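Enquirer: Sharing a structure, written as structure tokens. Questions coming.
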Amino acid sequence: MLGAMLVSFAVYFAVAYSGSIEGLPNLRLLAVYAGAMMLQLVILGVGRLFIGMTSGKESRAKPDERDRAIAHRAGHRAYFVMMTGLVFTGVYLPFTSVGWHIVHAALLTYVVSEIVRYWVVLSAYRKGWHG
């Protein structure tokens with residue numbers, strides 16, 4: 001999921017900021033967003049098939065307390081990032097920006113918080129969980 005998000009949203013933001021950002025509504029930019037989401041779904045589908053074919057029974061095991069603790073820690077850190085970004089987007093940006101800049105700031109807040117969540121999970125499994 002981390003890789004799929006990085007690729008799809010990198011493509012979206014690169015296209016969105018490659019030219020002038022038009023006013024609201026901008027159907028071309030919404031089509032680019034839909035394309036980025038389709039790219040993410042394709043990457044996730046291929047990854048899921050690959051993992052399903054190459055992993056054994058243990059990949060389908062129910063999460064234990066360690067898995068739940070890792071997920072809780074990752075969610076907690078991502079929530080802090082999300083709230084910080086949304087306060088910035090909702091309190092500060094309406095006075096300094098308009099239109100797509102605010103929309104992109106909110107979307108970027110979501111993307112960064114999810115990247116933090118998946119990064120914390122990945123690093124906890126990679127480095128080992130130490131409570």
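By convention here, the chains of the structure tokens are called A, B, ... in the order presented, each chain's residues are numbered starting at 1, and ligands are numbered starting at 1 in the order presented.
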So that I can check the surroundings of range 70-83 of chain A, please list as a list in words every protein, DNA and RNA residue that reaches within 8 Å of it, counting only C-alpha atoms and ignoring chain neighbours fewer than 4 positions away.
Expert: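 So the residues in contact are Arg66, Val87, Thr109, Tyr110, Val112, Ser113, Glu114, Val116, Arg117, Tyr118, Val120, Val121, Ala124 and Trp129 of chain A.
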Enquirer: Write a file of the selected residues as a PDB file, in the first residue's frame, keeping N, CA and C atoms.
Expert:
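Contents of result_25.pdb, as written:
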```pdb
ATOM      1  N   ARG A  66       0.702  -8.462  19.142  1.00  0.00           N
ATOM      2  CA  ARG A  66       1.798  -7.671  18.587  1.00  0.00           C
ATOM      3  C   ARG A  66       1.337  -6.909  17.356  1.00  0.00           C
ATOM      4  N   VAL A  87      -5.769  21.045  10.778  1.00  0.00           N
ATOM      5  CA  VAL A  87      -5.863  22.343  11.453  1.00  0.00           C
ATOM      6  C   VAL A  87      -5.216  23.422  10.577  1.00  0.00           C
ATOM      7  N   THR A 109      -2.493  16.221   3.161  1.00  0.00           N
ATOM      8  CA  THR A 109      -2.554  15.860   4.582  1.00  0.00           C
ATOM      9  C   THR A 109      -2.933  14.397   4.739  1.00  0.00           C
ATOM     10  N   TYR A 110      -3.955  13.970   4.009  1.00  0.00           N
ATOM     11  CA  TYR A 110      -4.368  12.562   4.055  1.00  0.00           C
ATOM     12  C   TYR A 110      -3.237  11.651   3.595  1.00  0.00           C
ATOM     13  N   VAL A 112       0.054  12.146   3.429  1.00  0.00           N
ATOM     14  CA  VAL A 112       1.202  12.119   4.339  1.00  0.00           C
ATOM     15  C   VAL A 112       0.872  11.330   5.602  1.00  0.00           C
ATOM     16  N   SER A 113      -0.343  11.481   6.128  1.00  0.00           N
ATOM     17  CA  SER A 113      -0.687  10.726   7.338  1.00  0.00           C
ATOM     18  C   SER A 113      -0.745   9.226   7.061  1.00  0.00           C
ATOM     19  N   GLU A 114      -1.248   8.833   5.899  1.00  0.00           N
ATOM     20  CA  GLU A 114      -1.256   7.410   5.546  1.00  0.00           C
ATOM     21  C   GLU A 114       0.151   6.885   5.308  1.00  0.00           C
ATOM     22  N   VAL A 116       2.814   7.988   6.798  1.00  0.00           N
ATOM     23  CA  VAL A 116       3.365   7.836   8.155  1.00  0.00           C
ATOM     24  C   VAL A 116       2.864   6.537   8.780  1.00  0.00           C
ATOM     25  N   ARG A 117       1.571   6.264   8.639  1.00  0.00           N
ATOM     26  CA  ARG A 117       1.004   5.049   9.228  1.00  0.00           C
ATOM     27  C   ARG A 117       1.670   3.797   8.654  1.00  0.00           C
ATOM     28  N   TYR A 118       1.749   3.713   7.333  1.00  0.00           N
ATOM     29  CA  TYR A 118       2.353   2.527   6.725  1.00  0.00           C
ATOM     30  C   TYR A 118       3.847   2.444   6.995  1.00  0.00           C
ATOM     31  N   VAL A 120       5.392   3.505   9.753  1.00  0.00           N
ATOM     32  CA  VAL A 120       5.563   3.041  11.132  1.00  0.00           C
ATOM     33  C   VAL A 120       5.326   1.531  11.215  1.00  0.00           C
ATOM     34  N   VAL A 121       4.299   1.034  10.540  1.00  0.00           N
ATOM     35  CA  VAL A 121       4.033  -0.410  10.524  1.00  0.00           C
ATOM     36  C   VAL A 121       5.207  -1.148   9.901  1.00  0.00           C
ATOM     37  N   ALA A 124       8.251  -1.069  12.170  1.00  0.00           N
ATOM     38  CA  ALA A 124       8.078  -1.887  13.379  1.00  0.00           C
ATOM     39  C   ALA A 124       8.294  -3.366  13.075  1.00  0.00           C
ATOM     40  N   TRP A 129       9.470  -5.335  17.174  1.00  0.00           N
ATOM     41  CA  TRP A 129       8.606  -4.597  18.088  1.00  0.00           C
ATOM     42  C   TRP A 129       9.192  -4.660  19.480  1.00  0.00           C
TER      43      TRP A 129
END
```
Enquirer: Looking only at alpha helix (DSSP H) from DSSP on the backbone, list the matching residues of range 34-119 of chain A as an MDAnalysis selection string.
Expert: chainID A and resid 34:54 65:87 93:96 100:119
Enquirer: Which residues of range 60-120 of chain A sit at most 9 Å from range 2-21 of chain A, using only C-alpha atoms? Give each one's shortest atom pair and distance in Å (one decimal place), in chain and ascending residue order, as JSON lines.
Expert:
```
{"residue": "A:Trp100", "atom": "CA", "partner": "A:Ile21", "partner_atom": "CA", "distance": 7.1}
{"residue": "A:His101", "atom": "CA", "partner": "A:Ile21", "partner_atom": "CA", "distance": 8.6}
{"residue": "A:His104", "atom": "CA", "partner": "A:Phe13", "partner_atom": "CA", "distance": 8.4}
{"residue": "A:Leu108", "atom": "CA", "partner": "A:Phe9", "partner_atom": "CA", "distance": 8.7}
{"residue": "A:Val111", "atom": "CA", "partner": "A:Met5", "partner_atom": "CA", "distance": 7.5}
{"residue": "A:Glu114", "atom": "CA", "partner": "A:Leu2", "partner_atom": "CA", "distance": 8.1}
{"residue": "A:Ile115", "atom": "CA", "partner": "A:Leu2", "partner_atom": "CA", "distance": 6.2}
{"residue": "A:Tyr118", "atom": "CA", "partner": "A:Leu2", "partner_atom": "CA", "distance": 5.9}
{"residue": "A:Trp119", "atom": "CA", "partner": "A:Leu2", "partner_atom": "CA", "distance": 7.4}
```
Enquirer: I want to know what sits within 9 Å of range 88-92 of chain A, based on only C-alpha atoms, with residues of the same chain fewer than 5 positions away left out; could you give that as a list in words?
Expert: Met83, Ser97, Ile102, Val103, Ala105, Ala106 and Thr109 of chain A
Enquirer: What is the CA of Met1 in chain A-CA of Gly47 in chain A distance in Å, reported with one decimal?
Expert: 8.6 Å
